[in-house]
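Novice: Starting off with a structure, shown below.
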Amino acid sequence: MSNNRVGGWMARDLYAIYSIWLREMLRFFRLKSRLVGSIGAPFFFLAFLGIGFGSGTPMPGIPQGVGYVSFLTPGIIGMTLLFSSTFAGISVLWDRQFGFLKEIMVAPVSRIAIVLGRTAGGVTTAILQALIITLSGILLGMRVSGPLGLLLSLAFMLLIASTFIGLGLAFASKMEDMSGFSLIMNFLIFPLFFLSGAVFPLDRFPPAIKVLAMLNPLTYGVDGLRHSLIGSGIFSPALDLGVLVFSCAAMLGLGAYLFETSEVK
Amino acid sequence: MIEASASEAPSGVGESAISLRGLTKRFSDLVAVDRVDLEIAKGELFGLLGPNGAGKSTLIKMLTTMLRPTAGEARVWGHDVAKERNEVRSSIGVVFQDPSIDNMLTGRENLDFHGRMYGLDSALRRRRIDEVLDLVDLTDKADIKMEDYSGGMQRRLEIARGLMHHPNVLFLDEPTLGLDAQTRRHIWKYIENMNAQEGVTIVLTTHYMEEADYLCDRVAIVDNGRIVALDTPKALKDMIGADTITLEAEFGQETLLASLRSFDWIKEAATPNGALELRVDHAQARVPEVMQVAYRNGVTVKSVALHEPTLEDVFLKLTGKKMREAEAAGPMHAMMMHRRKG
């Protein structure tokens, strides 16, 4: 064949991951309305909850000296990552519905490269949105502990985004069309958000519900973000990191497995 | 032409571009493809003709690694479709029945993505994008978003894309489904050009008999997952034999029939449905003669119709049903027709 080809299978796969990522970027920046739309909800949560609960008596359960906006912003960053990356995973369904998935699946690249390219694209767009929220939080009065913390928060963002892209991919592989989408949004994603301690301290939950919160990977994500951004949290940062690394590996593994075994019509 | 010349065959690969042995695909209670044996030569423009639901698309999906065979063996450019999937994938180009483009991207961006996925470097991508766009006359539409393309333009871009990475074999699944007659003829021209200029082996499925007849070197007629006939379009039509002249007379049809029977160029003459049917070669040239005979016998002819054998007749003869009837049985058909906008 031609000699203008990129080298062996490994190099081809890396190139494919990059290509799929690049396409996600093109689409992301082309669909400005989607970007504005998806950043709108978390921004208003941050702004209005921050103003509403931030004034007057401090909310019980929040550590002394931590303002409500500082407490809330990592939670809303977690929310942004949760929604945006689950959506990125599920958006494989669109590609299936519009047929583009076939174009990808018939290409001579490994299936894992396809999953990794998707994940890389989704992680990037989710983190870009999360950074906009971080900036908004700072402008609204979040006090960041330091530059090192900001850097560490990126690691947490990466793990949170990957976890929920895995979840989205798993759903996309099992769903026929978008009809189940609102079901997932309202009965899984919103509960995951509220059960993560993003908006108020976990102590305010009754014990039974607190158990559910402890099973939610986002709880550890939000806690890890609080540790890194405002230097305060309830678990140890090491535990947060450990749980997230595990949930990220598990969810991505599940998503990749289900995606690979699902047949393209 | 039956056996096309093999183009730059890599060593160790046999003579055939595609080789099937007892290939079978079973879905829970349905045998979609039933023990198919087939050899397609390199450089051939090969057609799979049959009604929707005959198993053509399932066959293509197995050859393009989108579905795993239940039994049997299939080799594409020497590679086993079940065991050497990546090798098969890099030898082929596929144009799917339903649209498979990214509507948010421009034509050029879609092609660029494709080139990347097939590992073409940027210089080669740029060159090939220009070449294939030119081939389908879309050069001036390259930077328009796909959602602003018409159905026919989208189809042309998909065909160009399938060809972009220099595949050895190009699969076209119903390349002109749902397109208007004029667009269809254009696409036929592009397909012919690709086969001639790029020397690519082309396998297409269609349920339009005139498409198979016009384009293909050889045609396999597929029904119920089996190949019921395989030959050049001409040889297939010769199975039917002569043309038919159908005549309706005011009166005196019997007289006319009797006197026509004395001509040896009339192979068969009968009145199966009331009208007079004559089986002759070169029907167009014989009509004046028939009319003269009618005039001499004082018979007033109400209407004359000519019919040359088509692949539809071949299908009817081989399966005992019309292709349209066989199609009506498939509930998927109406749905699929809706998928592509005109």
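FYI, nothing fancy with the structure tokens labels: chains A, B, ... in order, residues from 1 per chain, ligands from 1 as they appear.
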Report as a Markdown table: every residue of chain A with an atom at most 8 Å from chain B, its closest pair of atoms, and their distance in Å to one decimal, counting only C-alpha atoms, with rows sorted by chain and ascending residue number.

Specialist:
| residue | atom | partner | partner_atom | distance |
| --- | --- | --- | --- | --- |
| A:Asn4 | CA | B:Asp121 | CA | 5.8 |
| A:Arg5 | CA | B:Leu120 | CA | 4.8 |
| A:Val6 | CA | B:Gly119 | CA | 5.1 |
| A:Arg12 | CA | B:Gly119 | CA | 5.9 |
| A:Tyr15 | CA | B:Arg116 | CA | 7.1 |
| A:Ala16 | CA | B:Met117 | CA | 5.2 |
| A:Ser19 | CA | B:Arg116 | CA | 6.2 |
| A:Ile20 | CA | B:Phe113 | CA | 7.9 |
| A:Arg23 | CA | B:Phe113 | CA | 7.4 |
| A:Leu26 | CA | B:Leu105 | CA | 7.9 |
| A:Arg27 | CA | B:Met104 | CA | 6.6 |
| A:Arg30 | CA | B:Met104 | CA | 7.7 |
| A:Phe98 | CA | B:Ser100 | CA | 6.4 |
| A:Gly99 | CA | B:Ser100 | CA | 4.1 |
| A:Phe100 | CA | B:Ser100 | CA | 4.2 |
| A:Leu101 | CA | B:Ser100 | CA | 7.2 |
| A:Lys102 | CA | B:Ser100 | CA | 6.5 |
| A:Glu103 | CA | B:Ser100 | CA | 6.0 |
| A:Ile104 | CA | B:Met117 | CA | 7.8 |
| A:Met105 | CA | B:Met66 | CA | 7.6 |
| A:Val106 | CA | B:Arg89 | CA | 6.2 |
| A:Ala107 | CA | B:Arg89 | CA | 6.0 |
| A:Pro108 | CA | B:Arg89 | CA | 4.9 |
| A:Val109 | CA | B:Asn86 | CA | 6.9 |
| A:Ser110 | CA | B:Asn86 | CA | 7.7 |
| A:Glu263 | CA | B:Leu67 | CA | 7.6 |
| A:Val264 | CA | B:Met66 | CA | 6.9 |

Novice: Apply DSSP to the backbone of this structure and, from range 179-223 of chain B, keep only the residues in strand (DSSP E or B); write these as a list in words.

Specialist: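 Of range 179-223 of chain B, only Thr201, Ile202, Val203, Leu204, Thr205, Thr206, Arg218, Val219, Ala220, Ile221, Val222 and Asp223 of chain B fall in strand (DSSP E or B).
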
Novice: Using C-alpha atoms, can you export the residues from the last selection as a short mmCIF file (atom, residue, chain, number, x, y, z; two decimals), in the first residue's frame?

Specialist:
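The resulting file, out-v2.cif, is reproduced below:
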data_model
loop_
_atom_site.label_atom_id
_atom_site.label_comp_id
_atom_site.auth_asym_id
_atom_site.auth_seq_id
_atom_site.Cartn_x
_atom_site.Cartn_y
_atom_site.Cartn_z
CA THR B 201 -12.70 -3.80 -6.88
CA ILE B 202 -16.28 -2.78 -6.20
CA VAL B 203 -19.00 -4.83 -4.57
CA LEU B 204 -22.38 -3.17 -4.52
CA THR B 205 -25.79 -4.25 -3.36
CA THR B 206 -28.92 -2.97 -4.96
CA ARG B 218 -21.30 -9.77 -12.93
CA VAL B 219 -24.45 -9.97 -10.88
CA ALA B 220 -25.43 -12.42 -8.17
CA ILE B 221 -29.18 -12.64 -7.69
CA VAL B 222 -29.90 -13.10 -4.02
CA ASP B 223 -33.10 -14.41 -2.50
#

Novice: So the first atom is CA of His282 in chain B and the second is CA of Asp243 in chain B; what is the distance between them in Å, to one decimal place?

Specialist: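 Answer for the CA of His282 in chain B to CA of Asp243 in chain B separation: 6.7 Å.
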
Novice: Counting only C-alpha atoms, which residues of range 33-82 of chain A fall within 6 Å of range 192-201 of chain A, and what is the closest atom pair for each with its distance in Å at one decimal, ordered by chain and rising number, as JSON lines?

Specialist:
{"residue": "A:Gly61", "atom": "CA", "partner": "A:Pro201", "partner_atom": "CA", "distance": 5.8}
{"residue": "A:Leu72", "atom": "CA", "partner": "A:Val199", "partner_atom": "CA", "distance": 5.7}
{"residue": "A:Gly75", "atom": "CA", "partner": "A:Ala198", "partner_atom": "CA", "distance": 3.7}

Novice: Deliver the residues from the most recent selection as a file, using C-alpha atoms, as a compact mmCIF listing (two decimals), in the first residue's frame.

Specialist:
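To be explicit, this is the file written out as result07.txt:
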# COMPACT_ATOMS: atom_id res chain seq x y z
CA GLY A 61 -21.87 21.65 59.44
CA LEU A 72 -20.27 25.31 47.33
CA GLY A 75 -19.56 20.92 44.71

Novice: Rounded to one decimal in Å, what is the spacing between CA of His79 in chain B and CA of Tyr257 in chain A?

Specialist: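 Calculated distance between CA of His79 in chain B and CA of Tyr257 in chain A is 25.6 Å.
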